[in-house]
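Text of model36.txt (compact mmCIF, C-alpha atoms) as supplied:
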# COMPACT_ATOMS: atom_id res chain seq x y z
CA MET C 1 5.28 30.35 17.54
CA TYR C 2 1.63 30.05 16.54
CA ASN C 3 2.09 26.37 15.63
CA ARG C 4 3.93 25.70 18.90
CA LEU C 5 1.10 27.22 20.91
CA LYS C 6 -1.44 25.20 18.95
CA SER C 7 0.46 21.95 19.45
CA GLY C 8 0.98 22.56 23.16
CA SER C 9 4.77 22.72 22.92
CA ALA C 10 4.69 26.41 23.92
CA LYS C 11 2.92 28.07 26.82
CA MET C 12 1.33 31.51 27.11
CA ALA C 13 1.27 33.90 30.08
CA VAL C 14 -0.92 36.95 30.65
CA VAL C 15 0.78 39.37 33.04
CA GLY C 16 -1.75 41.57 34.83
CA LEU C 17 -5.24 40.22 35.52
CA GLY C 18 -7.36 43.33 35.72
CA TYR C 19 -10.31 44.31 33.56
CA VAL C 20 -8.18 43.78 30.41
CA GLY C 21 -5.95 40.86 31.31
CA LEU C 22 -8.50 38.52 32.89
CA PRO C 23 -10.94 38.26 29.95
CA LEU C 24 -7.93 37.86 27.64
CA ALA C 25 -6.40 35.09 29.75
CA LEU C 26 -9.67 33.17 30.01
CA GLU C 27 -10.38 33.36 26.28
CA PHE C 28 -6.88 32.20 25.36
CA ALA C 29 -7.09 29.43 27.97
CA ARG C 30 -9.84 27.85 25.87
CA LYS C 31 -7.29 27.43 23.08
CA PHE C 32 -3.86 27.21 24.71
CA GLU C 33 -2.18 26.44 28.03
CA VAL C 34 -2.08 29.74 29.94
CA ILE C 35 -0.43 31.11 33.07
CA GLY C 36 -2.43 33.96 34.56
CA PHE C 37 -0.01 36.11 36.58
CA ASP C 38 -0.74 39.01 38.91
CA ILE C 39 1.52 40.54 41.54
CA LYS C 40 -1.33 40.68 44.09
CA PRO C 41 -1.82 37.34 45.93
CA SER C 42 -5.26 38.52 47.11
CA VAL C 43 -6.39 38.91 43.48
CA VAL C 44 -5.02 35.49 42.56
CA GLU C 45 -6.85 33.80 45.44
CA LYS C 46 -10.15 35.30 44.31
CA LEU C 47 -9.54 34.22 40.73
CA LYS C 48 -8.82 30.67 41.85
CA ASN C 49 -12.33 30.71 43.34
CA LYS C 50 -13.83 32.08 40.10
CA ILE C 51 -14.31 35.57 41.53
CA ASP C 52 -13.38 38.57 39.40
CA PRO C 53 -12.43 41.44 41.76
CA ALA C 54 -13.52 43.93 39.08
CA GLY C 55 -16.97 42.34 38.91
CA GLU C 56 -16.84 42.16 35.11
CA VAL C 57 -16.42 38.41 34.48
CA GLU C 58 -19.08 35.92 35.57
CA PRO C 59 -17.99 32.73 37.41
CA GLU C 60 -19.11 30.46 34.54
CA LYS C 61 -16.56 32.14 32.23
CA PHE C 62 -13.82 30.36 34.19
CA ASP C 63 -15.19 26.93 33.25
CA GLY C 64 -13.53 24.90 30.52
CA THR C 65 -10.25 26.82 30.64
CA ASN C 66 -6.69 25.51 30.85
CA ILE C 67 -5.29 28.20 33.12
CA LYS C 68 -3.14 28.42 36.22
CA PHE C 69 -3.51 31.57 38.32
CA THR C 70 -0.38 32.56 40.22
CA SER C 71 1.54 35.39 41.87
CA ASN C 72 4.77 33.36 41.92
CA PRO C 73 7.18 34.72 39.27
CA ASP C 74 8.92 31.34 39.00
CA ASP C 75 5.80 29.98 37.31
CA LEU C 76 6.80 32.08 34.29
CA GLY C 77 9.96 30.03 33.82
CA ASP C 78 8.69 27.86 30.95
CA VAL C 79 6.50 30.45 29.20
CA ASN C 80 7.20 31.32 25.55
CA PHE C 81 4.50 33.86 24.66
CA TYR C 82 3.88 36.74 27.07
CA ILE C 83 1.02 39.23 26.97
CA VAL C 84 1.48 42.27 29.21
CA ALA C 85 -1.75 43.95 30.31
CA VAL C 86 -0.82 46.14 33.27
CA PRO C 87 -2.09 49.66 34.08
CA THR C 88 -0.49 52.77 32.58
CA PRO C 89 -1.66 55.59 34.89
CA ILE C 90 -0.51 59.18 35.29
CA ASP C 91 1.19 60.67 38.35
CA HIS C 92 0.15 63.68 40.44
CA HIS C 93 1.73 65.98 37.85
CA ARG C 94 -0.34 64.34 35.07
CA GLN C 95 2.77 62.79 33.57
CA PRO C 96 2.89 59.17 32.33
CA ASP C 97 3.67 56.75 35.13
CA LEU C 98 5.39 53.81 33.46
CA SER C 99 6.44 52.10 36.68
CA PRO C 100 3.87 49.25 36.47
CA LEU C 101 4.72 48.68 32.81
CA LEU C 102 8.49 48.78 33.24
CA GLY C 103 8.18 46.58 36.32
CA ALA C 104 6.38 44.00 34.20
CA CYS C 105 9.10 44.30 31.54
CA SER C 106 11.78 43.67 34.16
CA LEU C 107 9.89 40.64 35.42
CA VAL C 108 9.35 39.16 31.96
CA GLY C 109 12.94 39.90 30.99
CA LYS C 110 14.26 37.72 33.79
CA TYR C 111 12.53 34.68 32.26
CA LEU C 112 12.89 35.53 28.58
CA ASN C 113 14.53 32.92 26.34
CA LYS C 114 15.58 32.85 22.69
CA GLY C 115 12.60 32.61 20.39
CA ASP C 116 10.09 34.02 22.89
CA TYR C 117 7.42 36.60 22.10
CA VAL C 118 6.19 39.53 24.20
CA VAL C 119 3.00 41.38 23.21
CA PHE C 120 1.89 44.55 25.00
CA GLU C 121 -1.75 45.58 25.44
CA SER C 122 -1.27 48.51 27.85
CA THR C 123 -2.11 51.95 26.41
CA VAL C 124 1.07 53.96 25.80
CA TYR C 125 2.39 56.82 23.66
CA PRO C 126 3.83 55.98 20.23
CA GLY C 127 7.34 54.60 20.58
CA CYS C 128 7.03 53.46 24.19
CA THR C 129 7.15 49.71 23.44
CA GLU C 130 10.41 49.84 21.52
CA GLU C 131 12.04 52.83 23.21
CA ASP C 132 11.16 52.15 26.86
CA CYS C 133 10.07 48.52 27.24
CA VAL C 134 12.48 46.68 24.94
CA PRO C 135 15.69 48.05 26.54
CA VAL C 136 14.52 46.82 29.97
CA MET C 137 13.89 43.32 28.62
CA GLU C 138 17.22 43.30 26.78
CA ARG C 139 19.05 44.32 29.95
CA GLU C 140 17.35 41.72 32.14
CA SER C 141 17.59 38.86 29.64
CA GLY C 142 20.92 39.53 27.94
CA LEU C 143 19.11 38.89 24.64
CA LYS C 144 18.89 41.01 21.50
CA TYR C 145 15.60 42.48 20.28
CA ILE C 146 14.33 40.91 17.02
CA GLU C 147 17.43 38.73 16.70
CA ASP C 148 16.67 36.71 19.88
CA PHE C 149 13.11 37.63 20.88
CA LYS C 150 10.12 39.20 19.17
CA VAL C 151 7.83 41.97 20.38
CA GLY C 152 4.37 43.10 19.33
CA TYR C 153 1.65 45.50 20.36
CA SER C 154 -2.09 44.82 20.34
CA PRO C 155 -4.04 47.59 22.07
CA GLU C 156 -6.89 46.64 24.37
CA ARG C 157 -10.41 47.69 23.40
CA ILE C 158 -12.28 46.52 26.49
CA ASN C 159 -15.18 48.75 27.52
CA PRO C 160 -16.05 48.12 31.20
CA GLY C 161 -19.70 47.29 31.76
CA ASP C 162 -20.35 46.75 28.04
CA LYS C 163 -21.74 43.28 27.32
CA VAL C 164 -22.13 43.95 23.58
CA HIS C 165 -18.73 45.27 22.50
CA THR C 166 -16.65 42.52 24.08
CA LEU C 167 -13.12 41.22 23.53
CA THR C 168 -14.22 38.67 20.94
CA SER C 169 -16.74 40.87 19.10
CA VAL C 170 -14.55 43.91 18.33
CA VAL C 171 -11.91 44.01 15.58
CA LYS C 172 -8.47 43.58 17.16
CA ILE C 173 -5.46 45.62 16.06
CA THR C 174 -2.22 43.63 16.09
CA SER C 175 1.36 44.44 15.14
CA GLY C 176 4.83 42.95 15.31
CA CYS C 177 8.45 44.03 15.14
CA ASP C 178 8.99 42.27 11.79
CA GLU C 179 6.97 40.40 9.17
CA GLU C 180 7.31 37.05 10.91
CA SER C 181 6.14 38.30 14.30
CA SER C 182 3.34 40.33 12.76
CA GLU C 183 1.95 37.22 11.11
CA ASN C 184 2.36 34.98 14.15
CA ILE C 185 0.76 37.47 16.55
CA ALA C 186 -2.19 38.03 14.20
CA ARG C 187 -2.78 34.27 13.93
CA VAL C 188 -2.64 33.86 17.70
CA TYR C 189 -5.28 36.54 18.28
CA GLU C 190 -7.43 35.18 15.45
CA GLU C 191 -7.97 32.13 17.64
CA ILE C 192 -10.18 34.15 20.00
CA VAL C 193 -11.37 37.27 18.15
CA GLY C 194 -14.28 36.39 15.90
CA ALA C 195 -14.67 39.96 14.65
CA GLY C 196 -11.36 39.80 12.81
CA ILE C 197 -7.83 41.19 12.96
CA TYR C 198 -6.40 44.41 11.58
CA LYS C 199 -2.62 44.17 11.13
CA ALA C 200 -1.15 47.62 11.71
CA ALA C 201 1.83 48.72 9.63
CA SER C 202 4.09 48.89 12.69
CA ILE C 203 4.13 48.81 16.45
CA ARG C 204 4.21 52.62 16.56
CA VAL C 205 1.14 52.83 14.32
CA ALA C 206 -0.75 50.42 16.61
CA GLU C 207 0.25 52.45 19.68
CA ALA C 208 -0.86 55.67 18.01
CA ALA C 209 -4.16 54.19 16.87
CA LYS C 210 -5.07 53.29 20.43
CA ILE C 211 -4.09 56.60 21.94
CA ILE C 212 -6.14 58.64 19.45
CA GLU C 213 -9.25 56.48 19.97
CA ASN C 214 -9.55 57.73 23.54
CA THR C 215 -8.16 61.20 22.86
CA GLN C 216 -10.73 61.82 20.13
CA ARG C 217 -13.52 60.86 22.52
CA ASP C 218 -12.09 63.16 25.20
CA VAL C 219 -12.12 66.12 22.79
CA ASN C 220 -15.68 65.36 21.63
CA ILE C 221 -16.95 65.24 25.21
CA ALA C 222 -15.04 68.45 26.02
CA ILE C 223 -16.85 70.41 23.33
CA MET C 224 -20.20 69.15 24.65
CA ASN C 225 -19.16 70.27 28.14
CA GLU C 226 -18.27 73.67 26.67
CA PHE C 227 -21.69 73.84 25.01
CA SER C 228 -23.32 72.88 28.31
CA ARG C 229 -21.62 75.74 30.14
CA ILE C 230 -22.67 78.22 27.49
CA PHE C 231 -26.27 76.99 27.46
CA ASN C 232 -26.36 77.22 31.25
CA TYR C 233 -25.81 80.98 30.91
CA LEU C 234 -28.48 81.11 28.21
CA ASP C 235 -30.95 79.09 30.29
CA ILE C 236 -31.30 76.44 27.58
CA ASN C 237 -31.42 72.72 28.34
CA THR C 238 -28.38 71.11 26.71
CA TYR C 239 -30.11 67.79 26.06
CA ASP C 240 -32.96 69.54 24.26
CA VAL C 241 -30.35 71.14 22.00
CA ILE C 242 -28.54 67.83 21.41
CA ASN C 243 -31.77 66.06 20.52
CA ALA C 244 -32.68 68.78 18.05
CA ALA C 245 -29.22 68.90 16.45
CA GLY C 246 -29.10 65.10 16.38
CA THR C 247 -31.77 65.03 13.68
CA LYS C 248 -29.04 65.94 11.16
CA TRP C 249 -27.30 62.88 9.72
CA ASN C 250 -23.73 64.05 10.33
CA PHE C 251 -24.11 65.51 13.82
CA LEU C 252 -22.01 63.60 16.36
CA LYS C 253 -24.38 62.97 19.25
CA PHE C 254 -22.02 63.09 22.21
CA SER C 255 -23.23 64.17 25.66
CA PRO C 256 -21.69 66.38 28.34
CA GLY C 257 -20.47 64.69 31.49
CA LEU C 258 -17.68 63.86 33.91
CA VAL C 259 -14.68 62.25 32.25
CA GLY C 260 -13.01 59.93 34.74
CA GLY C 261 -11.82 56.36 34.69
CA HIS C 262 -8.56 54.84 33.57
CA CYS C 263 -8.80 55.51 29.81
CA ILE C 264 -10.35 58.70 28.46
CA GLY C 265 -9.35 60.78 31.48
CA VAL C 266 -5.76 59.49 31.40
CA ASP C 267 -4.61 58.43 27.94
CA PRO C 268 -4.59 61.89 26.30
CA TYR C 269 -1.88 62.94 28.74
CA TYR C 270 0.38 60.28 27.20
CA LEU C 271 0.02 61.81 23.74
CA ILE C 272 0.40 65.33 25.14
CA PHE C 273 3.61 64.22 26.88
CA LYS C 274 5.05 62.72 23.70
CA ALA C 275 4.11 65.72 21.55
CA ARG C 276 5.88 68.07 23.94
CA GLN C 277 9.02 65.92 23.80
CA TYR C 278 9.19 66.82 20.12
CA GLY C 279 8.58 70.53 20.73
CA TYR C 280 4.93 70.58 19.66
CA GLU C 281 2.32 72.07 21.99
CA PRO C 282 -1.02 70.25 21.50
CA TYR C 283 -3.29 73.16 22.43
CA LEU C 284 -6.59 71.48 21.58
CA LEU C 285 -5.82 68.29 23.50
CA SER C 286 -4.55 70.22 26.52
CA SER C 287 -7.58 72.51 26.56
CA ALA C 288 -9.97 69.56 26.32
CA ARG C 289 -8.25 67.87 29.24
CA ALA C 290 -8.30 71.02 31.36
CA LEU C 291 -11.99 71.62 30.67
CA ASN C 292 -13.00 68.01 31.38
CA ASP C 293 -10.90 67.85 34.53
CA ASP C 294 -12.70 70.97 35.83
CA MET C 295 -16.24 69.63 35.42
CA GLY C 296 -16.54 68.19 38.92
CA LEU C 297 -15.80 71.59 40.47
CA TYR C 298 -18.20 73.20 38.00
CA VAL C 299 -21.04 70.89 39.10
CA ALA C 300 -20.30 71.46 42.79
CA ASN C 301 -20.20 75.24 42.46
CA ASN C 302 -23.46 75.32 40.53
CA THR C 303 -25.02 73.14 43.22
CA VAL C 304 -24.02 75.68 45.88
CA LYS C 305 -25.36 78.61 43.79
CA LEU C 306 -28.68 76.84 43.28
CA LEU C 307 -29.01 76.05 46.99
CA ALA C 308 -28.69 79.74 47.76
CA LYS C 309 -30.95 80.78 44.87
CA ASN C 310 -33.72 78.47 46.13
CA ASP C 311 -33.45 79.63 49.77
CA LEU C 312 -31.95 76.32 50.85
CA PRO C 313 -29.15 76.15 53.42
CA VAL C 314 -25.55 75.99 52.22
CA GLY C 315 -23.41 75.70 55.33
CA GLY C 316 -24.73 72.72 57.29
CA ALA C 317 -26.80 71.40 54.38
CA ASN C 318 -27.29 67.66 53.92
CA ILE C 319 -26.61 66.49 50.37
CA LEU C 320 -26.96 62.96 49.05
CA VAL C 321 -24.62 61.99 46.20
CA LEU C 322 -25.77 58.91 44.31
CA GLY C 323 -22.89 57.06 42.67
CA VAL C 324 -19.12 57.25 42.99
CA THR C 325 -17.84 54.88 40.28
CA PHE C 326 -16.40 56.42 37.13
CA LYS C 327 -19.32 55.27 34.96
CA GLU C 328 -22.70 53.58 35.25
CA ASN C 329 -23.13 49.91 36.22
CA VAL C 330 -19.47 49.18 36.94
CA ALA C 331 -17.56 48.79 40.21
CA ASP C 332 -14.46 50.66 39.02
CA ILE C 333 -13.70 53.81 41.04
CA ARG C 334 -10.40 54.78 39.44
CA ASN C 335 -10.08 58.49 38.66
CA SER C 336 -13.68 59.14 39.70
CA LYS C 337 -14.64 62.76 39.14
CA ILE C 338 -17.54 62.40 41.58
CA VAL C 339 -14.87 62.72 44.24
CA ASP C 340 -14.13 66.27 43.03
CA ILE C 341 -17.80 67.17 43.60
CA VAL C 342 -17.81 65.65 47.08
CA ASN C 343 -14.62 67.38 48.19
CA GLU C 344 -15.69 70.76 46.85
CA LEU C 345 -19.08 70.56 48.59
CA LYS C 346 -17.38 69.67 51.86
CA ASP C 347 -15.31 72.85 51.57
CA TYR C 348 -18.60 74.76 51.96
CA ASN C 349 -19.21 73.01 55.29
CA ILE C 350 -21.84 70.80 53.68
CA TYR C 351 -22.47 67.30 55.00
CA VAL C 352 -22.21 64.93 52.05
CA GLN C 353 -23.50 61.36 52.14
CA VAL C 354 -22.20 59.19 49.29
CA ALA C 355 -24.07 56.05 48.27
CA ASP C 356 -23.21 53.51 45.58
CA PRO C 357 -24.51 49.93 45.22
CA LYS C 358 -21.70 48.95 42.84
CA ALA C 359 -18.56 50.29 44.50
CA ASP C 360 -16.55 48.41 47.11
CA PRO C 361 -16.72 50.42 50.39
CA GLY C 362 -13.19 49.41 51.42
CA GLU C 363 -11.71 50.55 48.11
CA VAL C 364 -13.54 53.88 48.27
CA GLU C 365 -12.34 54.46 51.82
CA HIS C 366 -8.76 53.50 50.96
CA GLU C 367 -8.55 55.46 47.71
CA TYR C 368 -10.47 58.62 48.58
CA GLY C 369 -11.11 58.64 52.33
CA ILE C 370 -14.87 58.57 51.68
CA THR C 371 -17.13 56.34 53.76
CA LEU C 372 -19.99 54.92 51.70
CA ASP C 373 -23.41 55.00 53.32
CA ASN C 374 -26.06 53.20 51.28
CA GLU C 375 -28.89 53.86 53.74
CA ILE C 376 -31.00 56.44 51.90
CA ARG C 377 -33.01 58.36 54.48
CA LYS C 378 -36.49 59.81 54.25
CA ASN C 379 -37.23 63.52 54.81
CA HIS C 380 -33.55 64.29 55.29
CA TYR C 381 -31.69 65.95 52.39
CA HIS C 382 -31.61 69.50 51.06
CA ALA C 383 -30.25 68.37 47.68
CA ILE C 384 -29.66 65.15 45.80
CA VAL C 385 -26.88 64.83 43.24
CA VAL C 386 -27.36 61.91 40.84
CA GLY C 387 -23.76 61.52 39.79
CA VAL C 388 -23.80 58.09 38.15
CA ASN C 389 -26.87 56.70 36.41
CA HIS C 390 -26.70 53.13 37.74
CA ASN C 391 -29.72 51.00 36.88
CA GLU C 392 -30.76 51.15 40.52
CA TYR C 393 -31.43 54.89 40.17
CA ARG C 394 -32.95 55.14 36.70
CA ASN C 395 -36.55 54.46 37.74
CA TYR C 396 -36.74 57.03 40.52
CA THR C 397 -39.81 59.28 40.25
CA GLU C 398 -40.23 62.84 41.40
CA GLN C 399 -42.19 61.52 44.36
CA ASP C 400 -39.29 59.24 45.30
CA PHE C 401 -37.07 62.31 45.47
CA ARG C 402 -39.67 64.25 47.46
CA ASP C 403 -39.72 61.44 50.02
CA MET C 404 -35.95 61.81 50.47
CA LEU C 405 -35.91 65.62 50.64
CA GLU C 406 -36.54 67.47 53.90
CA GLY C 407 -40.17 68.57 53.94
CA GLY C 408 -40.56 67.29 50.39
CA LYS C 409 -38.60 70.28 49.09
CA GLY C 410 -35.10 70.57 47.76
CA LEU C 411 -32.77 70.56 44.78
CA ILE C 412 -32.15 67.81 42.20
CA ILE C 413 -28.79 67.84 40.40
CA ASP C 414 -28.97 65.36 37.51
CA ILE C 415 -25.55 65.25 35.87
CA LYS C 416 -26.50 62.99 32.96
CA GLY C 417 -30.00 64.42 32.45
CA ILE C 418 -31.82 61.11 32.96
CA TYR C 419 -34.73 62.74 34.83
CA LYS C 420 -35.15 65.69 32.49
CA ASP C 421 -38.77 64.84 31.66
CA LYS C 422 -39.67 63.46 35.10
CA ILE C 423 -38.92 66.40 37.41
CA LYS C 424 -41.74 68.94 37.01
CA SER C 425 -41.95 70.99 40.20
CA LEU C 426 -38.72 70.54 42.17
CA PRO C 427 -35.76 72.83 41.43
CA TYR C 428 -33.76 70.90 38.81
CA TRP C 429 -30.40 71.28 37.06
CA SER C 430 -28.38 69.11 34.69
CA LEU C 431 -25.37 69.54 32.45
Structure encoded using C-alpha cells:
Amino acid sequence: MYNRLKSGSAKMAVVGLGYVGLPLALEFARKFEVIGFDIKPSVVEKLKNKIDPAGEVEPEKFDGTNIKFTSNPDDLGDVNFYIVAVPTPIDHHRQPDLSPLLGACSLVGKYLNKGDYVVFESTVYPGCTEEDCVPVMERESGLKYIEDFKVGYSPERINPGDKVHTLTSVVKITSGCDEESSENIARVYEEIVGAGIYKAASIRVAEAAKIIENTQRDVNIAIMNEFSRIFNYLDINTYDVINAAGTKWNFLKFSPGLVGGHCIGVDPYYLIFKARQYGYEPYLLSSARALNDDMGLYVANNTVKLLAKNDLPVGGANILVLGVTFKENVADIRNSKIVDIVNELKDYNIYVQVADPKADPGEVEHEYGITLDNEIRKNHYHAIVVGVNHNEYRNYTEQDFRDMLEGGKGLIIDIKGIYKDKIKSLPYWSL
C-alpha cells in the first residue's frame, strides 16, 4: 500500500476536515493524491477558497497540494487508503456518542474494496475500532476484516492554537491490525511526520495511549482546582503557592482553570464508560470530571458573593465577560465552560455582556443562545470576568479596568490569574 501511494497508483482520502483532518489532508497532499471529504458543503466551499473555518490553517498552507475537496460521497469511489478524523463527542448523559464515527464507517464501507486500508484518528475507548467500527464496514462492504481489508489506528495529537507542537513536529503513534498493516501505516505517516513514529503493539494499545493522555491531564487540573478551592477558604493566592512549590524539580506545575473543549473535557468519559462495562468503577476519574465540570458554577457563585461583599449590586448588575472560546487564542467554542458562568449569573437577574474577538457570533448564538457584543463600554460595568486570556486582553492595566467600571469602582474576576500583580486597589479574585 505504501508503494502504491508513492507511485500514484493508489489514492488517499481524509474523511472529516475539522481541526484534525484538515492539517492532515494538506500535509499528505504534498506527498500523495488526496481527496478531502466533509459532509458539510459549506465547509468544503470555504476550503476550496483556502479558508479554514476553524481559523487554524493559514491560506498559504493550501498551496502546493494535490487535493480535491468534496462533499460528494461518490468521489470516494477510487480511494484505497482512508483516514477517518471525525468528532467523537458525548451526549447529554455524558455517554460516548459514536454516531459521527459510525456514520463515517458506514460511508467508507460502501466504497471499500479488497486490499484497502482504513486508519482512524478519532479519540475512542480501547476496543472501539475493532469492536464497533470494523463490523459496520464489514456489513456495508461485504468484505472480511484483515483477510480483505486492513485497519489501523493513529491517534491525533493536534493542540488547537499551538504553533510549536504541530502535526509534523510531534511523535506520531501508529498501529495496524497485523504486521503488514502496521509497517505500511507507519511508513505512510513517516512521509509527513518529521518527529518520528512510535509503532504501538496493537490497535487497542494505541487507543488506550490516546485516551490516557487527556485523562491524565484532566486529573492533574482537577487536583489544582481542588487546591484552589481550599486556598480560597484559607485566603491564600493559589498562583503564589504554585510558584513556590514549582521551585522543586519534581513538582508538576499545572494550573487551576475551566476544562472545556472537545478533548480533555470529553475523552475521560469514554474511558469511564469502558471501565464500567467491565464492572470497574473509576472513582478518581469520575471525581476529577465532576469537580472540573462544576468549576463554571463555582466561579459564578463566588462572583455573586464578592459583589455582595463589596456593596455592589447583584440583581440588575451589569457584568462584562471577556472570552467565550474554550481556550485562549482559538475560535473553537465547543464545550465552553464560560457558558456555565454566564447562565448561572443570569439566574441571579444579572445582565451579562459577553465579548470575544475570536469566536464566530453566529456559532455562539446557534450553539448557546448567547449574543456576542464586542463593544466594550466605558463607566458601565459592576464587575468584569476575564474568562479567556486572549492576547487582546493580556495587556489591560488596572486603569483600563477602572475606565470600564461604573464610577471607576467594581470587581475583577481573573480566572487564569493573569492580572495578579497588576490589580492593586480594585476588589480582585482568581482561581
Against region 20-34 of chain C, which residues of region 189-282 of chain C fall within 12 Å? For each one I want the closest pair of atoms and the distance in Å (one decimal), counting all atoms listed in the file, rows by chain and increasing residue number, as CSV.
residue,atom,partner,partner_atom,distance
C:Tyr189,CA,C:Phe28,CA,8.5
C:Glu190,CA,C:Phe28,CA,10.4
C:Glu191,CA,C:Lys31,CA,7.2
C:Ile192,CA,C:Glu27,CA,6.3
C:Val193,CA,C:Glu27,CA,9.1
C:Gly194,CA,C:Glu27,CA,11.5
C:His262,CA,C:Val20,CA,11.5
C:Cys263,CA,C:Val20,CA,11.8
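With all atoms listed in the file as the atoms that count, the residue of C:Ala200, C:Leu372, C:Leu426, C:Ala331 with the shortest distance to Gln399 (chain C) is C:Leu426.
Distance check against Ser141 (chain C) using only C-alpha atoms: of C:Ile384, C:Val330, C:Leu112, C:Ala13, the minimum falls on C:Leu112.
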*Val385 (chain C): which residues within 6 Å, counting only C-alpha atoms, same-chain residues fewer than 2 positions away excluded, as JSON, numbers by chain?*
{"C": [321, 387, 413]}
Give me a file of those residues, with C-alpha atoms, as a PDB file, keeping the file's coordinate frame.
ATOM      1  CA  VAL C 321     -24.620  61.990  46.200  1.00  0.00           C
ATOM      2  CA  GLY C 387     -23.760  61.520  39.790  1.00  0.00           C
ATOM      3  CA  ILE C 413     -28.790  67.840  40.400  1.00  0.00           C
TER       4      ILE C 413
END
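If you look at CA of Ala245 (chain C) and CA of Ile212 (chain C), they are 25.4 Å away from each other.
Here CA of Phe37 (chain C) is placed at a distance of 13.3 Å from CA of Gly103 (chain C).
Note that the spacing between CA of Asp235 (chain C) and CA of Ser425 (chain C) amounts to 16.9 Å.
By chain and then residue number, the residues within 12 Å of region 403-406 of chain C are Leu312, Pro313, Ala317, Asn318, Ile319, Leu320, Glu375, Ile376, Arg377, Lys378, Asn379, His380, Tyr381, His382, Ala383, Ile384, Val385, Tyr396, Thr397, Glu398, Gln399, Gly410, Leu411, Ile412, Leu426 and Pro427 of chain C, counting only C-alpha atoms and disregarding those fewer than 4 positions away in sequence.
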*Looking at all atoms listed in the file, which of C:Gly16, C:Gly8, C:Pro155, C:Pro41 is the one that sits closest to Leu167 (chain C)?*
C:Pro155
*Residue neighbourhood Lys172 (chain C), 12 Å, all atoms listed in the file, exclusion window fewer than 2 positions, as a PyMOL selection string*: chain C and resi 24+121+153-158+165-170+174-175+185-200+206+209-210
*Best match for closeness to Glu58 (chain C) among C:Lys163, C:Ile146, C:Gly369, C:Arg289, counting only C-alpha atoms*: C:Lys163
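Distances here use all atoms listed in the file; by that measure, the residue among C:Asn113, C:Asn310, C:Thr65, C:Thr371 closest to Val339 (chain C) is C:Thr371.
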